[in-house]
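Chemist: Here you go, this is structure_34.cif (mmCIF, C-alpha atoms and all ligand atoms).
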```cif
data_final
loop_
_atom_site.label_atom_id
_atom_site.label_comp_id
_atom_site.auth_asym_id
_atom_site.auth_seq_id
_atom_site.Cartn_x
_atom_site.Cartn_y
_atom_site.Cartn_z
CA MET Y 18 -7.75 1.24 -29.96
CA PRO Y 19 -5.83 -1.99 -29.49
CA TYR Y 20 -8.91 -4.14 -30.02
CA PRO Y 21 -9.80 -6.12 -33.10
CA GLU Y 22 -13.22 -5.42 -34.51
CA GLY Y 23 -16.43 -6.95 -33.28
CA ASN Y 24 -15.51 -8.01 -29.78
CA MET Y 25 -16.88 -7.55 -26.29
CA SER Y 26 -20.17 -5.86 -25.70
CA PRO Y 27 -22.57 -6.34 -22.78
CA VAL Y 28 -24.95 -8.15 -25.12
CA HIS Y 29 -22.22 -10.53 -26.22
CA ARG Y 30 -21.37 -11.29 -22.60
CA GLN Y 31 -24.90 -12.03 -21.59
CA SER Y 32 -25.22 -14.59 -24.37
CA ASP Y 33 -23.32 -17.05 -22.16
CA PRO Y 34 -25.58 -17.25 -19.11
CA CYS Y 35 -23.32 -19.59 -17.13
CA ARG Y 36 -20.25 -17.41 -17.36
CA ARG Y 37 -21.29 -14.70 -14.97
CA VAL Y 38 -23.50 -16.82 -12.71
CA CYS Y 39 -20.96 -19.61 -12.34
CA HIS Y 40 -18.22 -17.15 -11.50
CA TYR Y 41 -20.38 -15.52 -8.85
CA LEU Y 42 -21.22 -18.86 -7.32
CA ALA Y 43 -17.59 -19.91 -7.29
CA GLY Y 44 -16.61 -16.61 -5.71
CA PHE Y 45 -19.23 -16.82 -3.01
CA ALA Y 46 -18.25 -20.40 -2.27
CA LEU Y 47 -14.67 -19.23 -1.76
CA LEU Y 48 -15.71 -16.36 0.50
CA LEU Y 49 -18.01 -18.66 2.45
CA LEU Y 50 -15.15 -21.10 2.93
CA ILE Y 51 -12.84 -18.38 4.15
CA ASN Y 52 -15.47 -16.83 6.42
CA THR Y 53 -16.37 -20.17 7.93
CA ALA Y 54 -12.72 -20.76 8.72
CA SER Y 55 -12.41 -17.32 10.34
CA ALA Y 56 -15.61 -17.74 12.33
CA GLY Y 57 -14.39 -21.05 13.65
CA GLU Y 58 -11.14 -19.49 14.72
CA ALA Y 59 -12.89 -16.60 16.46
CA ALA Y 60 -15.23 -18.95 18.28
CA MET Y 61 -12.29 -20.88 19.65
CA ASP Y 62 -10.74 -17.71 21.00
CA PRO Y 63 -13.53 -15.52 22.42
CA SER Y 64 -11.10 -13.11 24.04
CA ASP Y 65 -9.74 -12.08 20.67
CA ASP Y 66 -12.57 -9.68 19.84
CA GLY Y 67 -12.57 -7.16 22.65
CA THR Y 68 -8.92 -7.05 23.49
CA ASP Y 69 -7.84 -6.85 19.90
CA VAL Y 70 -9.36 -3.43 19.25
CA LEU Y 71 -8.15 -2.06 22.55
CA GLU Y 72 -4.60 -3.25 22.04
CA ASP Y 73 -4.59 -2.10 18.45
CA SER Y 74 -5.61 1.40 19.54
CA ILE Y 75 -2.99 1.52 22.25
CA LEU Y 76 -0.32 0.33 19.87
CA ASP Y 77 -1.32 2.83 17.26
CA GLU Y 78 -1.60 5.88 19.46
CA ASP Y 79 1.04 5.32 22.10
CA SER Y 80 3.79 3.44 20.33
CA ARG Y 81 3.63 5.20 17.04
CA ALA Y 82 7.03 6.79 17.50
CA SER Y 83 8.77 3.55 18.41
CA GLU Y 84 6.90 1.64 15.73
CA THR Y 85 8.10 4.13 13.15
CA SER Y 86 11.69 3.85 14.28
CA VAL Y 87 11.57 0.05 14.12
CA ALA Y 88 10.05 0.29 10.69
CA ALA Y 89 12.79 2.63 9.52
CA GLU Y 90 15.44 0.03 10.31
CA ASP Y 91 13.58 -2.48 8.20
CA LEU Y 92 13.38 -0.22 5.19
CA LEU Y 93 16.09 0.14 2.61
CA ASP Y 94 18.91 2.49 3.53
CA PRO Y 95 17.49 6.00 2.97
CA GLY Y 96 20.77 6.79 1.21
CA LEU Y 97 19.66 4.46 -1.57
CA ALA Y 98 16.35 6.21 -2.03
CA HIS Y 99 17.69 8.53 -4.72
CA LEU Y 100 18.24 5.52 -6.94
CA TYR Y 101 14.47 5.25 -7.27
CA MET Y 102 13.93 8.93 -7.94
CA GLY Y 103 13.90 10.57 -11.31
CA PRO Y 104 11.13 10.65 -13.87
CA LEU Y 105 8.38 8.20 -13.01
CA ALA Y 106 7.33 5.60 -15.50
CA ASN Y 107 5.01 6.49 -18.29
CA ALA Y 108 4.56 2.79 -18.74
CA VAL Y 109 0.84 2.99 -18.18
CA THR Y 110 0.16 5.20 -21.13
CA ASN Y 111 3.10 4.08 -23.27
CA ALA Y 112 3.05 0.30 -22.93
CA GLU Y 113 3.19 -1.27 -26.34
CA GLY Y 114 4.65 -4.33 -27.95
CA GLN Y 115 3.69 -7.94 -28.45
CA ALA Y 116 1.39 -9.83 -26.16
CA ARG Y 117 3.72 -12.32 -24.56
CA PRO Y 118 3.75 -14.88 -21.74
CA LEU Y 119 3.76 -13.24 -18.33
CA HIS Y 120 6.28 -14.82 -16.01
CA LEU Y 121 5.11 -14.57 -12.41
CA LEU Y 122 5.88 -16.67 -9.32
CA GLY Y 123 7.69 -19.25 -11.41
CA VAL Y 124 4.77 -19.71 -13.80
CA ASP Y 125 4.33 -18.61 -17.43
CA ILE Y 126 0.83 -17.31 -18.12
CA GLU Y 127 0.19 -17.37 -21.87
CA PRO Y 128 -1.54 -14.44 -23.60
CA GLY Y 129 -5.30 -14.84 -23.64
CA THR Y 130 -5.40 -16.99 -20.49
CA SER Y 131 -5.99 -16.54 -16.78
CA GLN Y 132 -4.58 -18.40 -13.80
CA ARG Y 133 -4.88 -18.52 -10.05
CA LEU Y 134 -1.43 -18.73 -8.46
CA ALA Y 135 -0.38 -19.01 -4.83
CA TRP Y 136 2.01 -16.56 -3.21
CA SER Y 137 3.64 -17.66 0.00
CA ALA Y 138 5.67 -15.03 1.82
CA THR Y 139 6.15 -16.55 5.21
CA GLN Y 140 5.43 -19.42 7.54
CA LEU Y 141 3.22 -19.76 10.57
CA PHE Y 142 5.23 -20.38 13.70
CA GLU Y 143 4.38 -24.05 13.38
CA GLY Y 144 6.38 -24.09 10.15
CA VAL Y 145 3.33 -24.48 7.92
CA PRO Y 146 3.46 -22.26 4.82
CA VAL Y 147 0.77 -19.60 4.55
CA SER Y 148 -0.18 -18.98 0.96
CA THR Y 149 -2.63 -16.53 -0.48
CA PRO Y 150 -4.16 -16.48 -3.96
CA VAL Y 151 -2.82 -14.30 -6.76
CA LEU Y 152 -5.21 -13.84 -9.68
CA VAL Y 153 -3.68 -13.21 -13.08
CA VAL Y 154 -5.31 -12.43 -16.40
CA ASN Y 155 -2.86 -12.06 -19.27
CA GLY Y 156 -4.69 -10.42 -22.16
CA ALA Y 157 -4.53 -11.57 -25.74
CA VAL Y 158 -3.72 -8.00 -26.80
CA PRO Y 159 -0.62 -6.00 -25.74
CA GLY Y 160 -1.02 -3.32 -23.09
CA PRO Y 161 -0.03 -2.24 -19.59
CA THR Y 162 0.04 -4.41 -16.48
CA LEU Y 163 -2.30 -3.12 -13.80
CA CYS Y 164 -2.15 -4.58 -10.30
CA LEU Y 165 -4.78 -4.58 -7.55
CA THR Y 166 -3.94 -5.31 -3.93
CA ALA Y 167 -6.42 -5.61 -1.05
CA ALA Y 168 -6.41 -6.42 2.67
CA VAL Y 169 -2.90 -5.19 3.34
CA HIS Y 170 -4.78 -4.46 6.55
CA GLY Y 171 -6.39 -7.79 7.37
CA ASP Y 172 -9.75 -6.41 8.56
CA GLU Y 173 -10.45 -4.36 5.43
CA LEU Y 174 -12.88 -6.53 3.52
CA ASN Y 175 -14.45 -4.33 0.84
CA GLY Y 176 -11.35 -4.46 -1.38
CA ILE Y 177 -11.31 -8.27 -1.34
CA GLU Y 178 -14.77 -8.33 -2.87
CA MET Y 179 -13.86 -5.56 -5.35
CA VAL Y 180 -10.94 -7.64 -6.65
CA ARG Y 181 -13.16 -10.70 -7.02
CA ARG Y 182 -15.79 -8.83 -9.00
CA VAL Y 183 -13.33 -7.08 -11.30
CA PHE Y 184 -11.52 -10.32 -12.13
CA HIS Y 185 -14.58 -12.39 -12.77
CA ASP Y 186 -15.82 -9.77 -15.21
CA ILE Y 187 -12.68 -9.94 -17.37
CA ASP Y 188 -12.40 -12.06 -20.50
CA PRO Y 189 -8.68 -12.79 -21.21
CA ALA Y 190 -9.38 -12.97 -24.94
CA LYS Y 191 -10.64 -9.38 -24.87
CA LEU Y 192 -8.14 -7.85 -22.46
CA ALA Y 193 -5.31 -5.57 -23.59
CA GLY Y 194 -2.41 -5.92 -21.17
CA ALA Y 195 -2.45 -7.87 -17.94
CA LEU Y 196 -4.27 -7.68 -14.64
CA ILE Y 197 -2.68 -9.03 -11.46
CA GLY Y 198 -4.69 -9.16 -8.22
CA VAL Y 199 -3.73 -10.07 -4.67
CA PRO Y 200 -7.09 -10.06 -2.88
CA ILE Y 201 -5.73 -10.83 0.60
CA VAL Y 202 -2.19 -9.54 1.11
CA ASN Y 203 -2.16 -9.80 4.91
CA VAL Y 204 -3.58 -13.30 5.15
CA GLN Y 205 -2.52 -13.70 8.79
CA GLY Y 206 -4.31 -10.52 9.83
CA PHE Y 207 -7.32 -11.51 7.74
CA ARG Y 208 -7.66 -14.86 9.50
CA ARG Y 209 -7.62 -13.11 12.88
CA GLY Y 210 -9.93 -10.30 11.75
CA SER Y 211 -7.16 -7.85 12.59
CA ARG Y 212 -5.64 -4.87 10.84
CA TYR Y 213 -2.19 -6.00 11.93
CA LEU Y 214 0.22 -8.88 11.60
CA PRO Y 215 0.32 -11.39 14.47
CA ASP Y 216 3.25 -9.49 16.02
CA ARG Y 217 1.06 -6.35 16.17
CA ARG Y 218 2.91 -4.57 13.41
CA ASP Y 219 1.32 -2.67 10.56
CA LEU Y 220 2.46 -4.40 7.36
CA ASN Y 221 1.84 -1.15 5.48
CA ARG Y 222 4.81 0.54 7.15
CA TYR Y 223 7.45 -1.91 5.91
CA PHE Y 224 7.52 -1.53 2.14
CA PRO Y 225 9.62 -2.11 0.08
CA GLY Y 226 10.77 -4.49 2.78
CA ASN Y 227 13.92 -6.28 3.78
CA PRO Y 228 14.63 -10.02 3.38
CA ASN Y 229 16.49 -10.08 6.71
CA GLY Y 230 14.18 -7.82 8.72
CA SER Y 231 11.14 -8.38 10.93
CA ALA Y 232 8.22 -10.57 9.82
CA GLY Y 233 6.52 -7.50 8.34
CA ALA Y 234 9.64 -6.46 6.45
CA ARG Y 235 10.06 -9.96 5.01
CA ILE Y 236 6.45 -10.23 3.87
CA ALA Y 237 6.68 -6.75 2.35
CA TYR Y 238 9.92 -7.65 0.58
CA SER Y 239 8.45 -10.82 -0.87
CA LEU Y 240 5.26 -9.11 -2.11
CA PHE Y 241 7.22 -6.24 -3.57
CA ASN Y 242 9.85 -8.28 -5.38
CA ASP Y 243 7.75 -11.28 -6.41
CA ILE Y 244 4.71 -9.36 -7.63
CA ILE Y 245 4.69 -5.55 -7.42
CA VAL Y 246 7.79 -5.02 -9.59
CA HIS Y 247 5.85 -6.58 -12.49
CA CYS Y 248 3.21 -3.80 -12.37
CA ASP Y 249 3.07 -0.69 -14.56
CA ALA Y 250 0.52 0.82 -12.19
CA LEU Y 251 -0.95 -0.21 -8.86
CA VAL Y 252 -4.26 0.35 -7.09
CA ASP Y 253 -4.15 -0.52 -3.38
CA LEU Y 254 -7.59 -1.02 -1.83
CA HIS Y 255 -8.32 0.07 1.74
CA THR Y 256 -11.12 1.14 4.08
CA GLY Y 257 -11.25 3.45 7.09
CA SER Y 258 -9.91 2.07 10.33
CA PHE Y 259 -10.84 1.97 14.02
CA GLU Y 260 -14.60 2.36 13.62
CA ARG Y 261 -14.34 5.04 10.98
CA ALA Y 262 -15.76 4.86 7.47
CA ASN Y 263 -14.72 6.68 4.32
CA LEU Y 264 -16.78 7.88 1.41
CA PRO Y 265 -15.29 6.02 -1.58
CA GLN Y 266 -12.30 8.15 -2.52
CA LEU Y 267 -8.86 8.10 -4.07
CA ARG Y 268 -5.79 9.02 -2.05
CA ALA Y 269 -3.24 10.33 -4.49
CA ASP Y 270 -0.03 12.31 -4.47
CA LEU Y 271 -1.10 15.02 -6.89
CA ARG Y 272 2.46 16.33 -7.22
CA ASP Y 273 3.17 13.28 -9.38
CA PRO Y 274 1.93 13.66 -12.99
CA ASP Y 275 1.64 9.90 -13.55
CA VAL Y 276 -0.51 9.56 -10.45
CA VAL Y 277 -2.68 12.47 -11.63
CA THR Y 278 -3.14 10.63 -14.93
CA LEU Y 279 -4.40 7.60 -13.02
CA THR Y 280 -6.90 9.73 -11.05
CA HIS Y 281 -8.36 10.93 -14.37
CA GLY Y 282 -8.95 7.32 -15.36
CA PHE Y 283 -11.19 6.55 -12.41
CA GLY Y 284 -14.13 8.63 -13.51
CA ALA Y 285 -16.40 10.38 -11.07
CA MET Y 286 -14.47 9.67 -7.88
CA VAL Y 287 -13.58 11.97 -5.01
CA VAL Y 288 -9.81 12.57 -5.06
CA LEU Y 289 -7.95 13.65 -1.96
CA HIS Y 290 -4.36 14.76 -2.22
CA SER Y 291 -2.23 12.81 0.21
CA LYS Y 292 1.50 12.43 0.36
CA PRO Y 293 2.26 8.75 0.92
CA THR Y 294 3.55 7.82 4.36
CA VAL Y 295 7.04 6.30 4.31
CA GLY Y 296 6.82 2.51 4.33
CA THR Y 297 3.40 2.25 2.72
CA LEU Y 298 3.02 0.16 -0.40
CA ARG Y 299 1.93 3.33 -2.21
CA TYR Y 300 5.13 5.10 -1.17
CA ALA Y 301 7.49 2.27 -2.11
CA ALA Y 302 5.84 1.44 -5.42
CA THR Y 303 5.72 5.08 -6.53
CA MET Y 304 9.39 5.49 -5.56
CA ALA Y 305 10.15 2.46 -7.75
CA GLY Y 306 8.50 4.17 -10.72
CA ILE Y 307 5.11 2.45 -10.45
CA PRO Y 308 2.41 5.12 -10.11
CA THR Y 309 0.08 4.06 -7.30
CA LEU Y 310 -3.29 5.13 -5.97
CA VAL Y 311 -5.12 4.09 -2.85
CA VAL Y 312 -8.88 3.56 -2.95
CA GLU Y 313 -10.51 4.10 0.44
CA ALA Y 314 -14.08 2.86 0.63
CA GLY Y 315 -16.24 2.25 3.69
CA GLY Y 316 -15.12 0.92 7.04
CA PRO Y 317 -13.33 -2.15 8.39
CA SER Y 318 -14.76 -5.58 9.27
CA GLU Y 319 -17.80 -5.28 7.01
CA LEU Y 320 -18.74 -6.00 3.43
CA GLU Y 321 -20.60 -2.93 2.24
CA PRO Y 322 -22.38 -3.45 -1.10
CA ALA Y 323 -22.67 0.22 -2.08
CA GLU Y 324 -19.00 0.95 -1.39
CA VAL Y 325 -17.89 -2.22 -3.15
CA ALA Y 326 -20.00 -1.36 -6.21
CA HIS Y 327 -18.59 2.18 -6.29
CA GLY Y 328 -15.01 0.90 -6.16
CA VAL Y 329 -15.62 -1.72 -8.85
CA LYS Y 330 -17.16 0.91 -11.10
CA GLY Y 331 -14.10 3.13 -10.63
CA ILE Y 332 -11.64 0.32 -11.38
CA GLU Y 333 -13.61 -0.82 -14.43
CA THR Y 334 -13.68 2.76 -15.68
CA LEU Y 335 -9.89 2.88 -15.21
CA LEU Y 336 -9.49 -0.32 -17.26
CA THR Y 337 -11.48 1.27 -20.05
CA THR Y 338 -9.70 4.63 -19.98
CA LEU Y 339 -6.34 2.83 -20.04
CA GLY Y 340 -7.51 1.02 -23.17
CA MET Y 341 -7.37 -2.38 -21.46
CA THR Y 342 -11.07 -3.18 -21.85
CA ARG Y 343 -13.81 -1.77 -24.00
CA ARG Y 344 -17.21 -1.15 -22.52
CA SER Y 345 -20.14 0.54 -24.10
CA ARG Y 346 -21.31 2.08 -20.81
CA LEU Y 347 -18.83 4.33 -19.11
CA TRP Y 348 -19.42 6.27 -15.93
CA GLY Y 349 -21.87 9.04 -16.84
CA ASP Y 350 -19.70 12.06 -16.15
CA PRO Y 351 -16.17 10.75 -15.79
CA GLU Y 352 -14.73 13.80 -14.05
CA PRO Y 353 -12.80 13.37 -10.81
CA VAL Y 354 -13.57 15.89 -8.07
CA TYR Y 355 -10.58 17.18 -6.14
CA TYR Y 356 -10.65 17.95 -2.46
CA ARG Y 357 -8.44 19.29 0.24
CA SER Y 358 -9.57 18.35 3.70
CA THR Y 359 -9.56 18.90 7.42
CA TRP Y 360 -10.41 16.79 10.43
CA VAL Y 361 -12.85 17.86 13.13
CA ARG Y 362 -11.86 16.41 16.50
CA ALA Y 363 -13.71 15.81 19.74
CA ASN Y 364 -12.82 18.33 22.45
CA ASN Y 365 -14.66 16.37 25.12
CA GLY Y 366 -15.00 12.70 25.91
CA GLY Y 367 -18.36 10.95 25.79
CA ILE Y 368 -20.88 9.39 23.48
CA LEU Y 369 -20.48 10.55 19.89
CA LEU Y 370 -23.63 10.64 17.76
CA SER Y 371 -23.51 11.86 14.15
CA ASP Y 372 -26.01 14.24 12.63
CA VAL Y 373 -24.61 13.77 9.14
CA SER Y 374 -23.85 10.78 6.97
CA LEU Y 375 -21.04 9.97 4.55
CA GLY Y 376 -21.27 12.21 1.51
CA SER Y 377 -23.43 14.86 3.23
CA THR Y 378 -22.89 18.39 1.96
CA VAL Y 379 -22.35 20.83 4.83
CA ARG Y 380 -22.02 24.60 5.20
CA LYS Y 381 -19.62 26.33 7.52
CA GLY Y 382 -21.11 26.14 11.02
CA ASP Y 383 -23.44 23.22 10.28
CA LEU Y 384 -23.91 20.65 13.04
CA LEU Y 385 -21.89 17.50 12.33
CA GLY Y 386 -22.63 15.64 15.55
CA SER Y 387 -22.68 15.84 19.30
CA ILE Y 388 -20.81 14.35 22.23
CA THR Y 389 -22.68 13.70 25.43
CA ASP Y 390 -21.02 13.02 28.76
CA PRO Y 391 -22.86 9.93 30.07
CA MET Y 392 -22.38 11.01 33.72
CA SER Y 393 -23.11 14.74 33.69
CA ASN Y 394 -25.37 14.73 30.63
CA ALA Y 395 -23.38 17.74 29.36
CA ARG Y 396 -23.61 17.92 25.58
CA THR Y 397 -21.14 19.54 23.23
CA GLU Y 398 -21.63 20.09 19.53
CA LEU Y 399 -19.20 19.52 16.70
CA ARG Y 400 -19.67 21.98 13.85
CA SER Y 401 -18.06 22.14 10.44
CA PRO Y 402 -15.30 24.78 10.17
CA TYR Y 403 -15.77 24.93 6.38
CA SER Y 404 -18.37 24.46 3.71
CA GLY Y 405 -17.73 21.13 2.09
CA ARG Y 406 -18.61 17.47 2.10
CA VAL Y 407 -18.32 14.76 4.75
CA ILE Y 408 -15.78 12.36 3.21
CA GLY Y 409 -15.06 10.35 6.35
CA LEU Y 410 -16.64 9.91 9.77
CA ALA Y 411 -16.46 7.91 12.94
CA ARG Y 412 -19.24 5.43 13.59
CA ASN Y 413 -21.32 6.26 16.68
CA GLN Y 414 -19.20 5.29 19.67
CA VAL Y 415 -17.62 6.43 22.93
CA VAL Y 416 -14.73 8.79 22.24
CA MET Y 417 -11.90 10.46 24.13
CA PRO Y 418 -10.93 14.13 23.78
CA GLY Y 419 -8.83 14.56 20.65
CA PHE Y 420 -10.53 11.77 18.72
CA ALA Y 421 -10.79 12.58 15.01
CA ALA Y 422 -14.51 12.35 14.35
CA PHE Y 423 -15.38 13.99 11.02
CA HIS Y 424 -13.33 14.40 7.85
CA VAL Y 425 -14.57 17.39 5.88
CA GLY Y 426 -13.51 17.71 2.23
CA ILE Y 427 -13.37 21.12 0.63
CA GLU Y 428 -13.80 21.08 -3.12
CA THR Y 429 -10.96 22.61 -5.07
CA ASP Y 430 -9.32 22.33 -8.47
CA GLU Y 431 -6.70 19.77 -9.36
CA ALA Y 432 -3.80 22.21 -9.41
CA SER Y 433 -4.33 23.72 -5.97
CA ALA Y 434 -5.45 20.56 -4.15
CA SER Y 435 -1.93 19.62 -3.17
CA GLU Y 436 -0.86 23.13 -2.14
CA GLU Y 437 -3.83 24.19 -0.11
CA GLU Y 438 -4.08 21.07 2.03
CA VAL Y 439 -1.19 22.32 4.14
CA LYS Y 440 -2.84 25.63 4.95
CA VAL Y 441 -6.01 23.94 6.13
CA VAL Y 442 -4.14 21.56 8.38
CA GLN Y 443 -2.11 24.36 9.92
CA LYS Y 444 -5.20 26.36 10.78
CA THR Y 445 -6.95 23.55 12.56
CA SER Y 446 -4.33 21.42 14.26
CA ASP Y 447 -0.62 21.18 14.89
CA SER Y 448 -0.31 17.99 12.90
CA GLY Y 449 -2.17 16.37 10.07
CA TYR Y 450 -1.69 12.96 11.66
CA VAL Y 451 -4.81 10.99 12.38
CA ASP Y 452 -4.31 7.60 13.95
CA GLY Y 453 -4.89 4.88 11.44
CA MET Y 454 -6.29 7.15 8.76
CA SER Y 455 -3.29 6.91 6.50
CA GLU Y 456 -3.75 3.77 4.48
ZN ZN O 501 -5.91 0.08 5.29
#
```
Starting from the coordinates I provided, produce the structure as structure tokens.
Modeler:
Amino acid sequence: MPYPEGNMSPVHRQSDPCRRVCHYLAGFALLLLINTASAGEAAMDPSDDGTDVLEDSILDEDSRASETSVAAEDLLDPGLAHLYMGPLANAVTNAEGQARPLHLLGVDIEPGTSQRLAWSATQLFEGVPVSTPVLVVNGAVPGPTLCLTAAVHGDELNGIEMVRRVFHDIDPAKLAGALIGVPIVNVQGFRRGSRYLPDRRDLNRYFPGNPNGSAGARIAYSLFNDIIVHCDALVDLHTGSFERANLPQLRADLRDPDVVTLTHGFGAMVVLHSKPTVGTLRYAATMAGIPTLVVEAGGPSELEPAEVAHGVKGIETLLTTLGMTRRSRLWGDPEPVYYRSTWVRANNGGILLSDVSLGSTVRKGDLLGSITDPMSNARTELRSPYSGRVIGLARNQVVMPGFAAFHVGIETDEASASEEEVKVVQKTSDSGYVDGMSE
């Protein structure tokens, strides 16, 4: 273990009563400040709420093809992609050497210290710079650099709170390696309460970005080159989208051994194999040799305490299994559970009401929910095609035919999770694509 003797224990931490309490108060004050600002903005523009969701849905479902083609132009020349291929970094498990100053965003952060920096990728149209905080803890002991990003989609709030809690629980003097956190990547979307950038684009389709491309491509380029390239591993925090919520879970490309190693570190988390979509931060970072996982927890536009706590516990377990922190209390049974999955879609339009909740165990044929036509009162039932567990579901709402309503995970072993997903998808639908459900 890289730690000197006689350091951090929970008892030791509690001996300084102000430390934890003061950090919490400071964090809440910050959140309150941000929320007040957002509320004020929303109040000034009452039309933003209703139209935003509608337009977002239209953009996502109808212009997906054109959006993808625009995004492709903003990405690096695909011909260059092979330069990033080859064996992925083992930096996470192999990082060794001297603790040294971390140079980030023009600032040197000395070992054993923490700093709050500001990253500014772009300007508002008025010409005023928009900056967002970057939290850095450079440990006193050598080790890997782990990065956390949240709110790449501006309406996904749970990850913001996860980053805050993880950082305010870290003592730089006891940390091995460095922790870099960007709690609000898409600050413009966050201020509007929107998943997207102000130009309606999904920032998470533009990585690794282009300094001469669209606004999204430029922001992506700046984040990637100013911050992400300094990471040995990355955890990108998301939630479900469009009124859907996810059981806390990891999205991981299980064909990549370094990514599999990271899933082991998280402890008792649900792991779903998922090939990263081109242009996502996960895709670009992994291609650049930085193994990356996505945590999906809960739904958008809410702060959900149980989901936040689950995510924090997973990240803190990862810090311990990577040897970056030492805690006396690990997750009870730190075994990840691997799933392949299938979506159950609505075949009729109407009012969707769930009969299950997130995490429910279901048998093949069990009732998941029903859709009732509000005019004819005709009711159709949605039943599970497999025995498994509900790992994602739509909140009760009015749906159209084809709407992906329930995500059923089928437990499997690590080795076959990535292979068998394809078979399941082929049996149930012509495409695995679910609007907005890729991070
Ligand atoms: Zn997201």
Chemist: Hey, what's within 10 Å of Val153 in chain Y if we count all atoms listed in the file and toss same-chain stuff fewer than 5 positions away? As a PDB file with C-alpha atoms, in the coordinates of the input, please?
Modeler:
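Generated output (around26.pdb):
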```pdb
ATOM      1  CA  LEU Y 119       3.760 -13.240 -18.330  1.00  0.00           C
ATOM      2  CA  LEU Y 121       5.110 -14.570 -12.410  1.00  0.00           C
ATOM      3  CA  ILE Y 126       0.830 -17.310 -18.120  1.00  0.00           C
ATOM      4  CA  THR Y 130      -5.400 -16.990 -20.490  1.00  0.00           C
ATOM      5  CA  SER Y 131      -5.990 -16.540 -16.780  1.00  0.00           C
ATOM      6  CA  GLN Y 132      -4.580 -18.400 -13.800  1.00  0.00           C
ATOM      7  CA  ARG Y 133      -4.880 -18.520 -10.050  1.00  0.00           C
ATOM      8  CA  LEU Y 134      -1.430 -18.730  -8.460  1.00  0.00           C
ATOM      9  CA  CYS Y 164      -2.150  -4.580 -10.300  1.00  0.00           C
ATOM     10  CA  PHE Y 184     -11.520 -10.320 -12.130  1.00  0.00           C
ATOM     11  CA  PRO Y 189      -8.680 -12.790 -21.210  1.00  0.00           C
ATOM     12  CA  ALA Y 195      -2.450  -7.870 -17.940  1.00  0.00           C
ATOM     13  CA  LEU Y 196      -4.270  -7.680 -14.640  1.00  0.00           C
ATOM     14  CA  ILE Y 197      -2.680  -9.030 -11.460  1.00  0.00           C
ATOM     15  CA  GLY Y 198      -4.690  -9.160  -8.220  1.00  0.00           C
ATOM     16  CA  VAL Y 199      -3.730 -10.070  -4.670  1.00  0.00           C
TER      17      VAL Y 199
END
```
Chemist: Could you jot down the CA of Lys381 in chain Y to CA of Pro402 in chain Y separation for me, Å, one decimal place?
Modeler: 5.3 Å
Chemist: Write out as a list in words each polymer residue (protein, DNA or RNA) that has an atom no more than 9 Å from ligand ZN 501 (chain O), with all atoms listed in the file counted.
Modeler: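 Counting only what the definition allows, namely all atoms listed in the file, the set is Ala167, Ala168, Val169, His170, Gly171, Asp172, Glu173, Arg212, Asn221, Asp253, Leu254, His255, Thr256, Gly257, Ser258, Glu313, Pro317, Gly453, Met454, Ser455 and Glu456 of chain Y.
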Chemist: From the set Y:His290, Y:Arg344, Y:Arg362, Y:Arg261, which residue has the shortest atom-to-atom contact distance to Gln414 in chain Y, counting only C-alpha atoms?
Modeler: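 Answer, going by the shortest atom-to-atom distance: Y:Arg261.
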Chemist: Have a look at Y:Ser318, Y:Ser148, Y:Gln266, Y:Thr139 and name the one nearest to Ser239 in chain Y; count all atoms listed in the file.
Modeler: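 That would be Y:Thr139, the residue with the smallest distance to Ser239 in chain Y.
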Chemist: So how far away is CA of Val407 in chain Y from CA of Ala323 in chain Y, in Å?
Modeler: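 We find that CA of Ala323 in chain Y and CA of Val407 in chain Y lie 16.6 Å from each other.
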